[in-house]
Amino acid sequence: MTINYPVGTHHGKTLKNNTLRTGKTTKKVLFGKRGMGLEDEINLANDYYLANRLAVVHKKPTPITIVKVDYPARSAAKITEAYFKQASTTDYNGVYQGKYIDFDAKETKNKTSFPLKNFHEHQISHLASILSQGGIGFVIIKFTSLNENYVYPASELTQQWQHLNGKQSISYQEIVDKSFVVPESLNPSLDYLTAVDKMLEALH
């Protein structure tokens with residue numbers, strides 16, 4: 001097994017990354033949109049980014065404490081009782097262009113607004129903490145009825161949360177005005193890093 005250090009690019013940007021090769025084979029990933037939900041599309045995008053040495057992003061495991069396990073077969077175990085160890089924060093985190101990124105993914109069928117009840121206060125506090133440490137925080141919002149996806153900066157979300165006291169909704173137009181659209185793409189189907197690139201450019 002050898003470790004090579006090639007140079008990868010994403011949208012014209014040069015990045016130094018590592019790729020792991022085993023023998024003479026390199027991982028190839030095929031991607032396509034097959035009526036998937038937002039989380040599935042993000043997971044496939046993350047696989048694509050990892051395979052192409054663009055970013056390392058993973059879905060956070062849900063912290064649970066197992067209470068009871070049954071063994072219906074000698075080679076299989078089935079969890080029959082468990083509880084959440086602590087309140088979850090956001091869905092995803094990782095590293096992109098040398099920076100820590102942390103984000104959540106939300107879907108809504110509403111065409112005119114995004115309800116803040118989709119978030120919990122501890123999630124807003126978590127994103128605010130990420131920003132205070134110089135990390136990149138955002139939310140990927142999908143308007144399913146409109147088939148539109150946006151990267152909404154955590155700074156805007158925290159401001160709206162404080163302004164609306166965590167209640168009511170953020171208007172669709174507000175989301176559009178303050179977000180960065182995720183363009184339609186073939187591979188991956190949800191190339192959200194394109195929108196993140198635009199967000200980072202706007203921050204400088």
# chains A, B, ... in the order shown; residues from 1 in each chain; ligands from 1
$ select_by_dssp --residues "region 43-192 of chain A" --states "strand (DSSP E)" --output "MDAnalysis selection string"
chainID A and resid 56:59 64:73 76:84 92:96 99:108 113:115 136:143 148:153 169:171 180:181
$ select_by_dssp --residues "region 101-200 of chain A" --states "alpha helix (DSSP H)" --output "PyMOL selection string"
chain A and resi 121-132+154-163+172-178+192-200
$ closest_residue --among "A:Ala45, A:Val69, A:Leu116, A:Ala51" --to "Asn165 (chain A)" --atoms "only C-alpha atoms"
A:Leu116
$ residues_around --residues "Asn118 (chain A)" --least-positions-apart "6" --cutoff "12 Å" --atoms "only C-alpha atoms" --output "JSON, numbers by chain"
{"A": [90, 104, 105, 106, 107, 108, 124, 139, 141, 157, 161, 166, 167, 168, 169, 170]}
$ write_last_selection --atoms "C-alpha atoms" --output "CSV table (one decimal), in the first residue's frame"
chain,number,residue,atom,x,y,z
A,90,THR,CA,-25.8,19.5,13.5
A,104,ASP,CA,-27.2,21.1,9.1
A,105,ALA,CA,-29.6,20.0,6.4
A,106,LYS,CA,-33.3,20.8,6.4
A,107,GLU,CA,-36.2,20.3,4.0
A,108,THR,CA,-39.5,22.1,3.9
A,124,ILE,CA,-28.2,27.6,17.0
A,139,VAL,CA,-27.5,25.2,6.7
A,141,ILE,CA,-32.2,24.3,3.0
A,157,LEU,CA,-29.6,32.1,10.8
A,161,TRP,CA,-33.3,33.4,15.5
A,166,GLY,CA,-36.8,31.3,17.7
A,167,LYS,CA,-40.4,31.4,16.6
A,168,GLN,CA,-42.3,32.1,13.4
A,169,SER,CA,-40.6,31.7,10.1
A,170,ILE,CA,-38.0,33.2,7.8
$ residues_around --residues "Asn147 (chain A)" --least-positions-apart "3" --cutoff "10 Å" --atoms "only C-alpha atoms" --output "VMD selection string"
chain A and resid 109 142 to 144 184
$ write_last_selection --atoms "N, CA and C atoms" --output "mmCIF file, in the first residue's frame"
data_model
loop_
_atom_site.group_PDB
_atom_site.id
_atom_site.type_symbol
_atom_site.label_atom_id
_atom_site.label_comp_id
_atom_site.auth_asym_id
_atom_site.auth_seq_id
_atom_site.Cartn_x
_atom_site.Cartn_y
_atom_site.Cartn_z
ATOM 1 N N LYS A 109 -41.670 21.679 2.761
ATOM 2 C CA LYS A 109 -42.603 21.689 1.633
ATOM 3 C C LYS A 109 -43.217 23.064 1.447
ATOM 4 N N LYS A 142 -33.573 22.893 1.614
ATOM 5 C CA LYS A 142 -34.213 22.436 0.377
ATOM 6 C C LYS A 142 -35.699 22.753 0.424
ATOM 7 N N PHE A 143 -36.163 23.539 -0.545
ATOM 8 C CA PHE A 143 -37.590 23.763 -0.735
ATOM 9 C C PHE A 143 -38.065 22.672 -1.694
ATOM 10 N N THR A 144 -38.606 21.597 -1.126
ATOM 11 C CA THR A 144 -38.917 20.414 -1.922
ATOM 12 C C THR A 144 -39.971 20.681 -2.995
ATOM 13 N N GLU A 184 -27.962 23.203 -10.189
ATOM 14 C CA GLU A 184 -28.200 21.835 -10.629
ATOM 15 C C GLU A 184 -26.914 21.267 -11.204
#
$ residues_around --residues "region 53-61 of chain A" --least-positions-apart "6" --cutoff "6 Å" --atoms "only C-alpha atoms" --output "PDB file with all heavy atoms, in the first residue's frame"
ATOM      1  N   ASN A  17      -4.021  17.589  -1.550  1.00  0.00           N
ATOM      2  CA  ASN A  17      -4.772  16.583  -0.825  1.00  0.00           C
ATOM      3  C   ASN A  17      -4.078  15.239  -0.906  1.00  0.00           C
ATOM      4  O   ASN A  17      -3.177  15.034  -1.713  1.00  0.00           O
ATOM      5  CB  ASN A  17      -6.185  16.436  -1.397  1.00  0.00           C
ATOM      6  CG  ASN A  17      -6.995  17.691  -1.207  1.00  0.00           C
ATOM      7  OD1 ASN A  17      -7.497  17.949  -0.125  1.00  0.00           O
ATOM      8  ND2 ASN A  17      -7.098  18.485  -2.263  1.00  0.00           N
ATOM      9  N   ASN A  46     -20.738  13.979  -0.558  1.00  0.00           N
ATOM     10  CA  ASN A  46     -19.573  13.825   0.316  1.00  0.00           C
ATOM     11  C   ASN A  46     -18.683  12.679  -0.152  1.00  0.00           C
ATOM     12  O   ASN A  46     -17.450  12.768  -0.077  1.00  0.00           O
ATOM     13  CB  ASN A  46     -20.023  13.594   1.762  1.00  0.00           C
ATOM     14  CG  ASN A  46     -20.629  14.838   2.383  1.00  0.00           C
ATOM     15  OD1 ASN A  46     -20.396  15.957   1.911  1.00  0.00           O
ATOM     16  ND2 ASN A  46     -21.409  14.663   3.432  1.00  0.00           N
ATOM     17  N   ASP A  91     -25.852  18.095  11.590  1.00  0.00           N
ATOM     18  CA  ASP A  91     -25.773  16.805  10.898  1.00  0.00           C
ATOM     19  C   ASP A  91     -24.390  16.440  10.386  1.00  0.00           C
ATOM     20  O   ASP A  91     -24.010  15.271  10.370  1.00  0.00           O
ATOM     21  CB  ASP A  91     -26.745  16.799   9.709  1.00  0.00           C
ATOM     22  CG  ASP A  91     -28.198  16.847  10.145  1.00  0.00           C
ATOM     23  OD1 ASP A  91     -28.502  16.338  11.239  1.00  0.00           O
ATOM     24  OD2 ASP A  91     -29.027  17.402   9.400  1.00  0.00           O
ATOM     25  N   TYR A  92     -23.632  17.444   9.915  1.00  0.00           N
ATOM     26  CA  TYR A  92     -22.374  17.160   9.222  1.00  0.00           C
ATOM     27  C   TYR A  92     -21.239  18.061   9.699  1.00  0.00           C
ATOM     28  O   TYR A  92     -21.460  19.197  10.109  1.00  0.00           O
ATOM     29  CB  TYR A  92     -22.545  17.376   7.708  1.00  0.00           C
ATOM     30  CG  TYR A  92     -23.537  16.455   7.066  1.00  0.00           C
ATOM     31  CD1 TYR A  92     -24.889  16.806   6.975  1.00  0.00           C
ATOM     32  CD2 TYR A  92     -23.146  15.225   6.538  1.00  0.00           C
ATOM     33  CE1 TYR A  92     -25.814  15.964   6.382  1.00  0.00           C
ATOM     34  CE2 TYR A  92     -24.072  14.372   5.947  1.00  0.00           C
ATOM     35  CZ  TYR A  92     -25.395  14.742   5.871  1.00  0.00           C
ATOM     36  OH  TYR A  92     -26.316  13.897   5.299  1.00  0.00           O
ATOM     37  N   ASN A  93     -20.027  17.540   9.581  1.00  0.00           N
ATOM     38  CA  ASN A  93     -18.838  18.363   9.800  1.00  0.00           C
ATOM     39  C   ASN A  93     -17.656  17.767   9.051  1.00  0.00           C
ATOM     40  O   ASN A  93     -17.697  16.623   8.600  1.00  0.00           O
ATOM     41  CB  ASN A  93     -18.518  18.531  11.292  1.00  0.00           C
ATOM     42  CG  ASN A  93     -18.085  17.235  11.957  1.00  0.00           C
ATOM     43  OD1 ASN A  93     -18.254  16.143  11.403  1.00  0.00           O
ATOM     44  ND2 ASN A  93     -17.556  17.340  13.151  1.00  0.00           N
ATOM     45  N   GLY A  94     -16.608  18.579   8.894  1.00  0.00           N
ATOM     46  CA  GLY A  94     -15.434  18.101   8.177  1.00  0.00           C
ATOM     47  C   GLY A  94     -14.464  19.223   7.886  1.00  0.00           C
ATOM     48  O   GLY A  94     -14.487  20.272   8.537  1.00  0.00           O
ATOM     49  N   VAL A  95     -13.614  18.992   6.892  1.00  0.00           N
ATOM     50  CA  VAL A  95     -12.578  19.960   6.523  1.00  0.00           C
ATOM     51  C   VAL A  95     -12.658  20.239   5.031  1.00  0.00           C
ATOM     52  O   VAL A  95     -12.751  19.312   4.214  1.00  0.00           O
ATOM     53  CB  VAL A  95     -11.172  19.425   6.873  1.00  0.00           C
ATOM     54  CG1 VAL A  95     -10.104  20.447   6.497  1.00  0.00           C
ATOM     55  CG2 VAL A  95     -11.076  19.087   8.350  1.00  0.00           C
ATOM     56  N   TYR A  96     -12.625  21.521   4.684  1.00  0.00           N
ATOM     57  CA  TYR A  96     -12.635  21.941   3.283  1.00  0.00           C
ATOM     58  C   TYR A  96     -11.678  23.109   3.118  1.00  0.00           C
ATOM     59  O   TYR A  96     -11.789  24.116   3.813  1.00  0.00           O
ATOM     60  CB  TYR A  96     -14.048  22.352   2.865  1.00  0.00           C
ATOM     61  CG  TYR A  96     -14.146  22.895   1.449  1.00  0.00           C
ATOM     62  CD1 TYR A  96     -13.619  22.183   0.377  1.00  0.00           C
ATOM     63  CD2 TYR A  96     -14.762  24.115   1.183  1.00  0.00           C
ATOM     64  CE1 TYR A  96     -13.702  22.661  -0.923  1.00  0.00           C
ATOM     65  CE2 TYR A  96     -14.864  24.602  -0.105  1.00  0.00           C
ATOM     66  CZ  TYR A  96     -14.328  23.870  -1.161  1.00  0.00           C
ATOM     67  OH  TYR A  96     -14.413  24.352  -2.441  1.00  0.00           O
TER      68      TYR A  96
END
$ atom_distance --atom1 "CA of Asn149 (chain A)" --atom2 "CA of Phe180 (chain A)"
8.7 Å
$ closest_residue --among "A:Ile136, A:Ile175, A:Ala76, A:Leu190" --to "Gly37 (chain A)" --atoms "only C-alpha atoms"
A:Leu190
$ residues_around --residues "Val196 (chain A)" --least-positions-apart "5" --cutoff "10 Å" --atoms "only C-alpha atoms" --output "mmCIF file with all heavy atoms, in the first residue's frame"
data_model
loop_
_atom_site.group_PDB
_atom_site.id
_atom_site.type_symbol
_atom_site.label_atom_id
_atom_site.label_comp_id
_atom_site.auth_asym_id
_atom_site.auth_seq_id
_atom_site.Cartn_x
_atom_site.Cartn_y
_atom_site.Cartn_z
ATOM 1 N N TYR A 96 -12.625 21.521 4.684
ATOM 2 C CA TYR A 96 -12.635 21.941 3.283
ATOM 3 C C TYR A 96 -11.678 23.109 3.118
ATOM 4 O O TYR A 96 -11.789 24.116 3.813
ATOM 5 C CB TYR A 96 -14.048 22.352 2.865
ATOM 6 C CG TYR A 96 -14.146 22.895 1.449
ATOM 7 C CD1 TYR A 96 -13.619 22.183 0.377
ATOM 8 C CD2 TYR A 96 -14.762 24.115 1.183
ATOM 9 C CE1 TYR A 96 -13.702 22.661 -0.923
ATOM 10 C CE2 TYR A 96 -14.864 24.602 -0.105
ATOM 11 C CZ TYR A 96 -14.328 23.870 -1.161
ATOM 12 O OH TYR A 96 -14.413 24.352 -2.441
ATOM 13 N N ILE A 101 -15.644 22.958 8.634
ATOM 14 C CA ILE A 101 -17.014 23.302 8.265
ATOM 15 C C ILE A 101 -17.985 22.457 9.077
ATOM 16 O O ILE A 101 -17.694 21.312 9.424
ATOM 17 C CB ILE A 101 -17.284 23.138 6.753
ATOM 18 C CG1 ILE A 101 -17.153 21.668 6.322
ATOM 19 C CG2 ILE A 101 -16.367 24.024 5.937
ATOM 20 C CD1 ILE A 101 -17.553 21.446 4.873
ATOM 21 N N ILE A 136 -16.539 27.538 9.655
ATOM 22 C CA ILE A 136 -17.552 27.859 8.654
ATOM 23 C C ILE A 136 -18.826 27.098 8.997
ATOM 24 O O ILE A 136 -18.815 25.867 9.072
ATOM 25 C CB ILE A 136 -17.085 27.465 7.242
ATOM 26 C CG1 ILE A 136 -15.782 28.197 6.897
ATOM 27 C CG2 ILE A 136 -18.157 27.756 6.200
ATOM 28 C CD1 ILE A 136 -15.105 27.672 5.649
ATOM 29 N N GLY A 137 -19.896 27.829 9.224
ATOM 30 C CA GLY A 137 -21.163 27.208 9.572
ATOM 31 C C GLY A 137 -22.262 27.639 8.619
ATOM 32 O O GLY A 137 -22.294 28.788 8.174
ATOM 33 N N PHE A 138 -23.142 26.716 8.302
ATOM 34 C CA PHE A 138 -24.253 27.035 7.399
ATOM 35 C C PHE A 138 -25.318 25.956 7.493
ATOM 36 O O PHE A 138 -25.164 24.951 8.192
ATOM 37 C CB PHE A 138 -23.766 27.178 5.948
ATOM 38 C CG PHE A 138 -23.019 25.995 5.405
ATOM 39 C CD1 PHE A 138 -23.683 24.968 4.734
ATOM 40 C CD2 PHE A 138 -21.645 25.896 5.550
ATOM 41 C CE1 PHE A 138 -23.000 23.879 4.224
ATOM 42 C CE2 PHE A 138 -20.943 24.801 5.048
ATOM 43 C CZ PHE A 138 -21.626 23.788 4.383
ATOM 44 N N TYR A 150 -30.454 25.750 -1.166
ATOM 45 C CA TYR A 150 -29.681 26.930 -0.814
ATOM 46 C C TYR A 150 -28.716 26.635 0.326
ATOM 47 O O TYR A 150 -29.026 25.842 1.221
ATOM 48 C CB TYR A 150 -30.600 28.076 -0.398
ATOM 49 C CG TYR A 150 -31.527 28.556 -1.484
ATOM 50 C CD1 TYR A 150 -32.817 28.031 -1.601
ATOM 51 C CD2 TYR A 150 -31.116 29.521 -2.400
ATOM 52 C CE1 TYR A 150 -33.666 28.457 -2.606
ATOM 53 C CE2 TYR A 150 -31.972 29.951 -3.418
ATOM 54 C CZ TYR A 150 -33.235 29.418 -3.516
ATOM 55 O OH TYR A 150 -34.071 29.831 -4.502
ATOM 56 N N VAL A 151 -27.553 27.308 0.292
ATOM 57 C CA VAL A 151 -26.638 27.318 1.429
ATOM 58 C C VAL A 151 -26.891 28.628 2.168
ATOM 59 O O VAL A 151 -26.616 29.710 1.649
ATOM 60 C CB VAL A 151 -25.164 27.217 0.964
ATOM 61 C CG1 VAL A 151 -24.216 27.575 2.109
ATOM 62 C CG2 VAL A 151 -24.866 25.801 0.469
ATOM 63 N N TYR A 152 -27.443 28.510 3.363
ATOM 64 C CA TYR A 152 -27.823 29.676 4.169
ATOM 65 C C TYR A 152 -26.796 29.844 5.287
ATOM 66 O O TYR A 152 -26.635 28.958 6.127
ATOM 67 C CB TYR A 152 -29.218 29.448 4.743
ATOM 68 C CG TYR A 152 -29.847 30.633 5.434
ATOM 69 C CD1 TYR A 152 -30.001 31.854 4.790
ATOM 70 C CD2 TYR A 152 -30.320 30.515 6.745
ATOM 71 C CE1 TYR A 152 -30.603 32.931 5.415
ATOM 72 C CE2 TYR A 152 -30.925 31.600 7.380
ATOM 73 C CZ TYR A 152 -31.060 32.801 6.714
ATOM 74 O OH TYR A 152 -31.658 33.860 7.344
ATOM 75 N N PRO A 153 -26.051 30.959 5.309
ATOM 76 C CA PRO A 153 -24.986 31.144 6.297
ATOM 77 C C PRO A 153 -25.493 31.096 7.736
ATOM 78 O O PRO A 153 -26.580 31.598 8.046
ATOM 79 C CB PRO A 153 -24.442 32.545 5.965
ATOM 80 C CG PRO A 153 -24.825 32.770 4.530
ATOM 81 C CD PRO A 153 -26.160 32.088 4.367
ATOM 82 N N SER A 179 -28.939 33.790 0.859
ATOM 83 C CA SER A 179 -28.314 32.483 0.651
ATOM 84 C C SER A 179 -27.506 32.436 -0.643
ATOM 85 O O SER A 179 -27.467 33.402 -1.410
ATOM 86 C CB SER A 179 -29.383 31.389 0.623
ATOM 87 O OG SER A 179 -30.030 31.265 1.852
ATOM 88 N N PHE A 180 -26.905 31.281 -0.859
ATOM 89 C CA PHE A 180 -26.148 31.017 -2.072
ATOM 90 C C PHE A 180 -26.734 29.755 -2.689
ATOM 91 O O PHE A 180 -26.738 28.690 -2.070
ATOM 92 C CB PHE A 180 -24.668 30.861 -1.744
ATOM 93 C CG PHE A 180 -24.085 32.097 -1.118
ATOM 94 C CD1 PHE A 180 -24.185 32.295 0.268
ATOM 95 C CD2 PHE A 180 -23.502 33.081 -1.898
ATOM 96 C CE1 PHE A 180 -23.680 33.452 0.846
ATOM 97 C CE2 PHE A 180 -22.993 34.240 -1.321
ATOM 98 C CZ PHE A 180 -23.088 34.425 0.057
ATOM 99 N N VAL A 181 -27.252 29.906 -3.901
ATOM 100 C CA VAL A 181 -27.986 28.821 -4.536
ATOM 101 C C VAL A 181 -27.056 27.663 -4.877
ATOM 102 O O VAL A 181 -25.909 27.869 -5.289
ATOM 103 C CB VAL A 181 -28.722 29.325 -5.791
ATOM 104 C CG1 VAL A 181 -27.727 29.774 -6.881
ATOM 105 C CG2 VAL A 181 -29.650 28.252 -6.342
ATOM 106 N N VAL A 182 -27.544 26.451 -4.667
ATOM 107 C CA VAL A 182 -26.819 25.251 -5.076
ATOM 108 C C VAL A 182 -27.296 24.931 -6.491
ATOM 109 O O VAL A 182 -28.452 24.548 -6.683
ATOM 110 C CB VAL A 182 -27.106 24.065 -4.137
ATOM 111 C CG1 VAL A 182 -26.330 22.828 -4.596
ATOM 112 C CG2 VAL A 182 -26.734 24.424 -2.700
ATOM 113 N N ASP A 191 -24.085 19.592 -5.713
ATOM 114 C CA ASP A 191 -22.717 20.089 -5.543
ATOM 115 C C ASP A 191 -22.726 21.327 -4.648
ATOM 116 O O ASP A 191 -22.537 22.448 -5.097
ATOM 117 C CB ASP A 191 -22.120 20.409 -6.912
ATOM 118 C CG ASP A 191 -20.641 20.770 -6.835
ATOM 119 O OD1 ASP A 191 -20.032 20.558 -5.771
ATOM 120 O OD2 ASP A 191 -20.109 21.276 -7.831
ATOM 121 N N GLU A 201 -16.229 33.543 -0.775
ATOM 122 C CA GLU A 201 -15.813 34.732 -1.524
ATOM 123 C C GLU A 201 -16.505 35.986 -0.992
ATOM 124 O O GLU A 201 -15.903 37.051 -0.902
ATOM 125 C CB GLU A 201 -16.122 34.552 -3.003
ATOM 126 C CG GLU A 201 -15.261 33.501 -3.698
ATOM 127 C CD GLU A 201 -15.681 33.270 -5.133
ATOM 128 O OE1 GLU A 201 -16.617 33.963 -5.598
ATOM 129 O OE2 GLU A 201 -15.095 32.379 -5.781
ATOM 130 N N ALA A 202 -17.775 35.845 -0.637
ATOM 131 C CA ALA A 202 -18.543 36.981 -0.134
ATOM 132 C C ALA A 202 -18.067 37.422 1.249
ATOM 133 O O ALA A 202 -18.233 38.589 1.622
ATOM 134 C CB ALA A 202 -20.027 36.627 -0.073
#
